[in-house]
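J.: Please read through the structure below; I'll follow up with questions.
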Amino acid sequence: MKAKAASKSDTRYLQRIGSRWYARIPVPNKLRGEMGPYYRKALDTSDIAVARERRWDVLTVAKAKFAKALNKGKPTGGLSEAEMSYAAFRAKLREEVGPALVVNAFDGEEMRNPDLDALVERLEESGVESPEVWRAVGDHVKERDPVSEILKDYLAANPKRNATTAKNYETTVKLWQAAHGDTPINGVTRKQAIEWLEGIAEGKAKDTVKRYRTVMAHLWSWAHRKEEDPPRNPFDDLIKAVSTKGREATSHGHYSDAELKRAYAAVAGDDELRPVFLISIYTGFRLDECLRAERETLHGVECFVLKSGKTDNAARVVPVHPKLKDVVAPKGVKASALSVRYGRLMRDIEMPKGKTFHSLRKAFTTALERANCPEDIAARLVGHAPLGITYKIYSQGRRASELKEWVEKVKHPV
């Protein structure tokens, strides 16, 4: 099978009858007596570009049929069972064959990779009938990457501000892979997307289910980004369509003074939880922010400096409260591990449901309200007001003395 240049005149495996295009796949000589000279299937389009794309799906089916007829019940064609899996054969194509299109050294034009054509010929001669193998070949020809590669490529081009967000993407992809394997998400239907989301939504908070949908919508768009006229994203507005909505997200409740005392008593003996607990109630920092904040002196005022965070507004400067003078956040510990440990301690002391580490942040905002802190100052301190890029963060040092005045008015019973 000769490699042909990919051009506007490319009609390989195509036949036009009237205004409609058909896939026309030559049948191996040994099978022409029973199957005829060609395997033909309507592509249901008059658009040559669409026909060029759809022909590869027909080719995949045709090759499997030919192989089955030729192999007479011996489907392996010399491949082991492990080698015939979709993932294994995609890896083989990437490592041993390379891209489906290469540049012709003589004329500089793109052409089908001769090594790919040679491999397809060997598969035909060996009588390989595995649908997984031919599906892998079809996806490779169409340059459809497995979802794991799409995720890797997307995160490299769109780095996330913190590890938690990136982890959310990885978790979502694992859930998708559990249902569909590490295959391309090109061509996913609305029905498949709905069934998947309904399947994983049971028992999950609504916000979590929305996050799963958002991640898959982003990855689907990324997988189709090079197409001039991509189809509708099957993950768009999916929450309205699923019948399983998930449970309501748990609200982060406010600690009363008595509850705050109980919570602090529970962590007082933990050298990692105790300091982040205190930092949070006197700065309003989230757990990961307690661990990431840097202490610097700005215009004579010692401050916690956050250069980035969960949102665009999370970058901020918060003067160090006198209660935190000798308090140092632990190093080398993950926020996720501390969060789990904190939750376990709260359950041990039977703290009411909804009183989480995030509730400590609310304790800080409540204390600011009690001190009659102006709304714009409070918004700046807790990261609800925009600050912008790094130089603007440091420009806040000029206002550090004003911010310090309000931070020192924050009072807690611990």
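Order determines the names: the first chain of the structure tokens is A, the second B, and so forth; residues in each chain are numbered 1 upward, and ligands are numbered 1 upward as they are shown.
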Using only C-alpha atoms, which residues sit within 12 Å of Thr183 in chain A once same-chain residues fewer than 5 positions away are excluded, as an NGL selection string?
T.: :A and (85-91 or 132 or 135-136 or 138-140 or 143-151 or 173-174 or 176-178 or 188 or 223)
J.: DSSP on the backbone: which residues in range 205-372 of chain A end up as alpha helix (DSSP H)? Give the answer as a ChimeraX atom specification.
T.: /A:206-223,257-267,273-283,287-292,335-348,358-370
J.: Which of range 91-166 of chain A end up as strand (DSSP E) when DSSP is run on this backbone - answer as a list in words?
T.: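 Those residues are Leu101, Val102, Val103, Glu110, Met111 and Arg112 of chain A.
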J.: Just the selected residues (C-alpha atoms), exported as a PDB file, in the first residue's frame, please.
T.:
```
ATOM      1  CA  LEU A 101       1.640  12.052   8.600  1.00  0.00           C
ATOM      2  CA  VAL A 102       5.272  12.843   7.825  1.00  0.00           C
ATOM      3  CA  VAL A 103       7.015  15.337   5.545  1.00  0.00           C
ATOM      4  CA  GLU A 110       2.891  16.007   3.979  1.00  0.00           C
ATOM      5  CA  MET A 111       2.342  12.335   3.216  1.00  0.00           C
ATOM      6  CA  ARG A 112       1.082   9.204   4.958  1.00  0.00           C
TER       7      ARG A 112
END
```
J.: For Thr283 in chain A, work out the shell of residues within 8 Å, counting only C-alpha atoms and skipping chain neighbours fewer than 3 positions away, then give it as number ranges by chain.
T.: A: 279-280, 318, 320-321, 361, 364, 381-382, 407
J.: Please measure the separation of CA of Glu125 in chain A and CA of Pro28 in chain A, giving the value in Å to one decimal.
T.: 9.3 Å
J.: My list of candidates is A:Pro330, A:Gly300, A:Pro352, A:Gly343. Which is closest to Asp288 in chain A when distances are computed with only C-alpha atoms?
T.: A:Pro330
J.: I'd like the neighbourhood of Leu273 in chain A as number ranges by chain, where a residue qualifies if any of its atoms comes within 8 Å (using only C-alpha atoms), though same-chain residues fewer than 4 positions away should be ignored.
T.: A: 267-268, 277, 338, 342
J.: Go ahead and write the residues just picked, C-alpha atoms, as a CSV table (one decimal), in the first residue's frame.
T.:
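This went into out_38.csv:
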```
chain,number,residue,atom,x,y,z
A,267,VAL,CA,-5.5,20.4,67.8
A,268,ALA,CA,-3.4,21.9,70.6
A,277,PHE,CA,-5.2,26.6,62.9
A,338,LEU,CA,-3.8,18.0,57.3
A,342,TYR,CA,-8.5,17.9,61.1
```
J.: Tell me, in Å to one decimal, how far CA of Pro230 in chain A is from CA of Ser46 in chain A.
T.: 17.6 Å
J.: So how far away is CA of Met351 in chain A from CA of Arg262 in chain A, in Å?
T.: 8.5 Å
J.: Show me, as a compact mmCIF listing (two decimals) with N, CA and C atoms, in the first residue's frame, the residues that have an atom within 12 Å of Lys325 in chain A when counting only C-alpha atoms, minus same-chain residues fewer than 3 positions from it.
T.:
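Below is the file result22.txt, written as the result:
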```txt
# COMPACT_ATOMS: atom_id res chain seq x y z
N PRO A 275 -0.31 25.22 64.53
CA PRO A 275 0.08 26.50 63.92
C PRO A 275 -0.80 26.93 62.76
N LEU A 278 -4.07 28.45 64.08
CA LEU A 278 -3.92 29.82 64.56
C LEU A 278 -3.72 30.81 63.41
N ILE A 279 -2.90 30.41 62.43
CA ILE A 279 -2.68 31.30 61.29
C ILE A 279 -3.99 31.58 60.57
N TYR A 282 -6.37 34.06 62.40
CA TYR A 282 -5.87 35.43 62.52
C TYR A 282 -5.43 36.03 61.18
N ARG A 295 6.60 35.16 54.86
CA ARG A 295 6.64 36.28 55.82
C ARG A 295 7.72 37.25 55.37
N GLU A 302 5.71 43.63 59.49
CA GLU A 302 5.85 42.22 59.15
C GLU A 302 4.52 41.71 58.61
N CYS A 303 4.56 41.08 57.44
CA CYS A 303 3.33 40.65 56.76
C CYS A 303 3.45 39.23 56.22
N PHE A 304 2.29 38.59 56.06
CA PHE A 304 2.20 37.38 55.27
C PHE A 304 1.94 37.82 53.83
N PRO A 319 -0.98 41.70 57.34
CA PRO A 319 -0.02 41.92 58.44
C PRO A 319 -0.10 40.80 59.47
N VAL A 320 1.03 40.49 60.09
CA VAL A 320 1.10 39.43 61.09
C VAL A 320 0.47 39.90 62.40
N HIS A 321 -0.52 39.17 62.86
CA HIS A 321 -1.19 39.49 64.13
C HIS A 321 -0.22 39.19 65.29
N PRO A 322 -0.28 39.99 66.36
CA PRO A 322 0.60 39.74 67.51
C PRO A 322 0.53 38.30 68.02
N VAL A 328 4.93 29.42 63.45
CA VAL A 328 5.53 29.11 62.15
C VAL A 328 4.79 27.94 61.52
N ALA A 329 4.39 28.10 60.27
CA ALA A 329 3.68 27.02 59.56
C ALA A 329 4.63 25.85 59.32
N GLU A 408 -5.11 43.74 63.95
CA GLU A 408 -4.89 43.64 65.40
C GLU A 408 -6.18 43.77 66.21
```
J.: Point out the residue among A:Arg213, A:Arg94, A:Lys63, A:His180 with the least atom-to-atom distance to Ile194 in chain A, counting only C-alpha atoms.
T.: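 The closest residue to Ile194 in chain A is A:Arg213.
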J.: From the options A:Leu306, A:Glu202, A:Ala193, A:Lys142, which residue's atoms come nearest to Glu289 in chain A, counting only C-alpha atoms?
T.: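 Among the listed residues, A:Leu306 lies closest to Glu289 in chain A.
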